[in-house]
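Novice: Structure file my_file_19.pdb (PDB, C-alpha atoms) right here:
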ATOM      1  CA  MET A   1     -63.905  34.764 -93.901  1.00  0.00           C
ATOM      2  CA  TYR A   2     -67.251  33.096 -93.111  1.00  0.00           C
ATOM      3  CA  ASN A   3     -69.149  36.390 -92.898  1.00  0.00           C
ATOM      4  CA  THR A   4     -67.636  37.563 -96.172  1.00  0.00           C
ATOM      5  CA  ASN A   5     -68.776  34.390 -97.926  1.00  0.00           C
ATOM      6  CA  VAL A   6     -72.264  34.637 -96.424  1.00  0.00           C
ATOM      7  CA  ASP A   7     -72.449  38.301 -97.432  1.00  0.00           C
ATOM      8  CA  LEU A   8     -71.465  37.406-101.002  1.00  0.00           C
ATOM      9  CA  ILE A   9     -74.044  34.604-101.130  1.00  0.00           C
ATOM     10  CA  LYS A  10     -76.755  36.942 -99.823  1.00  0.00           C
ATOM     11  CA  GLN A  11     -75.783  39.687-102.267  1.00  0.00           C
ATOM     12  CA  ARG A  12     -75.786  37.359-105.267  1.00  0.00           C
ATOM     13  CA  LEU A  13     -79.022  35.636-104.226  1.00  0.00           C
ATOM     14  CA  LYS A  14     -80.760  38.978-103.808  1.00  0.00           C
ATOM     15  CA  TYR A  15     -79.579  40.243-107.169  1.00  0.00           C
ATOM     16  CA  GLU A  16     -80.586  37.069-109.024  1.00  0.00           C
ATOM     17  CA  ILE A  17     -83.969  36.830-107.289  1.00  0.00           C
ATOM     18  CA  ASP A  18     -84.702  40.486-108.032  1.00  0.00           C
ATOM     19  CA  ASN A  19     -83.673  40.157-111.692  1.00  0.00           C
ATOM     20  CA  CYS A  20     -84.891  36.694-112.736  1.00  0.00           C
ATOM     21  CA  GLY A  21     -88.228  37.906-114.089  1.00  0.00           C
ATOM     22  CA  LEU A  22     -90.308  35.994-111.522  1.00  0.00           C
ATOM     23  CA  THR A  23     -92.155  37.242-108.471  1.00  0.00           C
ATOM     24  CA  LYS A  24     -91.115  35.969-105.061  1.00  0.00           C
ATOM     25  CA  ALA A  25     -94.434  34.093-104.946  1.00  0.00           C
ATOM     26  CA  GLU A  26     -93.629  32.345-108.248  1.00  0.00           C
ATOM     27  CA  ILE A  27     -90.137  31.455-107.061  1.00  0.00           C
ATOM     28  CA  ALA A  28     -91.492  30.189-103.740  1.00  0.00           C
ATOM     29  CA  LYS A  29     -94.021  27.958-105.479  1.00  0.00           C
ATOM     30  CA  ARG A  30     -91.310  26.443-107.702  1.00  0.00           C
ATOM     31  CA  VAL A  31     -89.010  25.903-104.730  1.00  0.00           C
ATOM     32  CA  GLY A  32     -91.680  24.631-102.334  1.00  0.00           C
ATOM     33  CA  VAL A  33     -91.347  27.284 -99.635  1.00  0.00           C
ATOM     34  CA  SER A  34     -93.299  30.405 -98.685  1.00  0.00           C
ATOM     35  CA  SER A  35     -92.609  33.745-100.339  1.00  0.00           C
ATOM     36  CA  GLU A  36     -91.723  35.031 -96.865  1.00  0.00           C
ATOM     37  CA  MET A  37     -88.963  32.420 -96.710  1.00  0.00           C
ATOM     38  CA  ILE A  38     -87.553  33.666-100.022  1.00  0.00           C
ATOM     39  CA  THR A  39     -87.469  37.161 -98.526  1.00  0.00           C
ATOM     40  CA  GLN A  40     -85.738  35.848 -95.389  1.00  0.00           C
ATOM     41  CA  TYR A  41     -83.001  34.227 -97.468  1.00  0.00           C
ATOM     42  CA  VAL A  42     -81.930  37.646 -98.739  1.00  0.00           C
ATOM     43  CA  THR A  43     -82.739  39.891 -95.755  1.00  0.00           C
ATOM     44  CA  THR A  44     -81.801  37.822 -92.688  1.00  0.00           C
ATOM     45  CA  LYS A  45     -78.996  35.492 -91.650  1.00  0.00           C
ATOM     46  CA  LYS A  46     -81.147  32.524 -92.639  1.00  0.00           C
ATOM     47  CA  LEU A  47     -79.785  30.423 -95.498  1.00  0.00           C
ATOM     48  CA  PRO A  48     -81.708  27.694 -97.324  1.00  0.00           C
ATOM     49  CA  LYS A  49     -81.030  24.022 -96.690  1.00  0.00           C
ATOM     50  CA  LEU A  50     -78.928  22.392 -99.386  1.00  0.00           C
ATOM     51  CA  ASP A  51     -81.839  20.759-101.233  1.00  0.00           C
ATOM     52  CA  THR A  52     -83.835  23.996-101.076  1.00  0.00           C
ATOM     53  CA  PHE A  53     -80.799  25.929-102.303  1.00  0.00           C
ATOM     54  CA  ALA A  54     -80.505  23.608-105.307  1.00  0.00           C
ATOM     55  CA  ARG A  55     -84.203  24.078-106.164  1.00  0.00           C
ATOM     56  CA  LEU A  56     -83.868  27.839-105.697  1.00  0.00           C
ATOM     57  CA  CYS A  57     -80.925  28.043-108.090  1.00  0.00           C
ATOM     58  CA  LYS A  58     -82.842  25.996-110.644  1.00  0.00           C
ATOM     59  CA  ALA A  59     -85.969  28.161-110.240  1.00  0.00           C
ATOM     60  CA  ILE A  60     -84.074  31.396-110.874  1.00  0.00           C
ATOM     61  CA  ASP A  61     -81.862  29.760-113.528  1.00  0.00           C
ATOM     62  CA  VAL A  62     -78.501  30.512-111.962  1.00  0.00           C
ATOM     63  CA  SER A  63     -75.455  28.388-111.207  1.00  0.00           C
ATOM     64  CA  ALA A  64     -75.059  27.317-107.581  1.00  0.00           C
ATOM     65  CA  ASN A  65     -71.299  27.742-108.037  1.00  0.00           C
ATOM     66  CA  TYR A  66     -71.850  31.393-108.978  1.00  0.00           C
ATOM     67  CA  ILE A  67     -74.059  32.058-105.926  1.00  0.00           C
ATOM     68  CA  LEU A  68     -71.508  30.358-103.671  1.00  0.00           C
ATOM     69  CA  GLY A  69     -68.693  32.489-105.081  1.00  0.00           C
ATOM     70  CA  LEU A  70     -66.879  29.562-106.689  1.00  0.00           C
ATOM     71  CA  GLU A  71     -67.120  31.161-110.129  1.00  0.00           C
ATOM     72  CA  ASP A  72     -67.790  34.612-111.535  1.00  0.00           C
TER
END
If you took the structure in this file and wrote it as structure tokens, what would it be?

Specialist:
Amino acid sequence: MYNTNVDLIKQRLKYEIDNCGLTKAEIAKRVGVSSEMITQYVTTKKLPKLDTFARLCKAIDVSANYILGLED
């Protein structure tokens, strides 16, 4: 179950990051992390800390509940 949830989070994060209209550098600046870290969130097992996750969702204008799979 855990891997499925992580896979869903990664899939949704990647889609929203790729389609939000911002570059990874712009997102990273808004979130306060490096653009490499944004890439790692969608390509590795690394997940953002909770406060970083909240800023990331705000930066790409998406609901945290959607990314977490709590709503469609």

Novice: If the PyMOL selection byres ((chain A and resi 30) around 8) is run on the structure shown, which residues does it catch, given as a list in words?

Specialist: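 Applying the PyMOL selection byres ((chain A and resi 30) around 8) to the structure shown produces Glu26, Ile27, Ala28, Lys29, Val31, Gly32, Arg55, Leu56 and Ala59 of chain A.
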
Novice: With C-alpha atoms retained, could you export that selection as a PDB file, in the frame of the given file?

Specialist:
ATOM      1  CA  GLU A  26     -93.629  32.345-108.248  1.00  0.00           C
ATOM      2  CA  ILE A  27     -90.137  31.455-107.061  1.00  0.00           C
ATOM      3  CA  ALA A  28     -91.492  30.189-103.740  1.00  0.00           C
ATOM      4  CA  LYS A  29     -94.021  27.958-105.479  1.00  0.00           C
ATOM      5  CA  VAL A  31     -89.010  25.903-104.730  1.00  0.00           C
ATOM      6  CA  GLY A  32     -91.680  24.631-102.334  1.00  0.00           C
ATOM      7  CA  ARG A  55     -84.203  24.078-106.164  1.00  0.00           C
ATOM      8  CA  LEU A  56     -83.868  27.839-105.697  1.00  0.00           C
ATOM      9  CA  ALA A  59     -85.969  28.161-110.240  1.00  0.00           C
TER      10      ALA A  59
END

Novice: With distances taken over only C-alpha atoms, which residue among A:Gln11, A:Asn5, A:Gln40, A:Asn19 lies nearest Asp61 (chain A)?

Specialist: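 Counting only C-alpha atoms, the residue closest to Asp61 (chain A) is A:Asn19.
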
Novice: Rounded to one decimal, what separation in Å do you get between CA of Asp7 (chain A) and CA of Ile60 (chain A)?

Specialist: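 Computed distance, CA of Asp7 (chain A) to CA of Ile60 (chain A), equals 19.1 Å.
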
Novice: Counting all atoms listed in the file, figure out which residue out of A:Thr39, A:Asp72, A:Ala64, A:Lys58 gets nearest to Asp18 (chain A).

Specialist: A:Thr39

Novice: Could you tell me which residues the PyMOL selection byres ((chain A and resi 41) around 12) returns for this structure, as a PyMOL selection string?

Specialist: chain A and resi 6-7+9-15+17+24+28+33-40+42-49+52-53+56
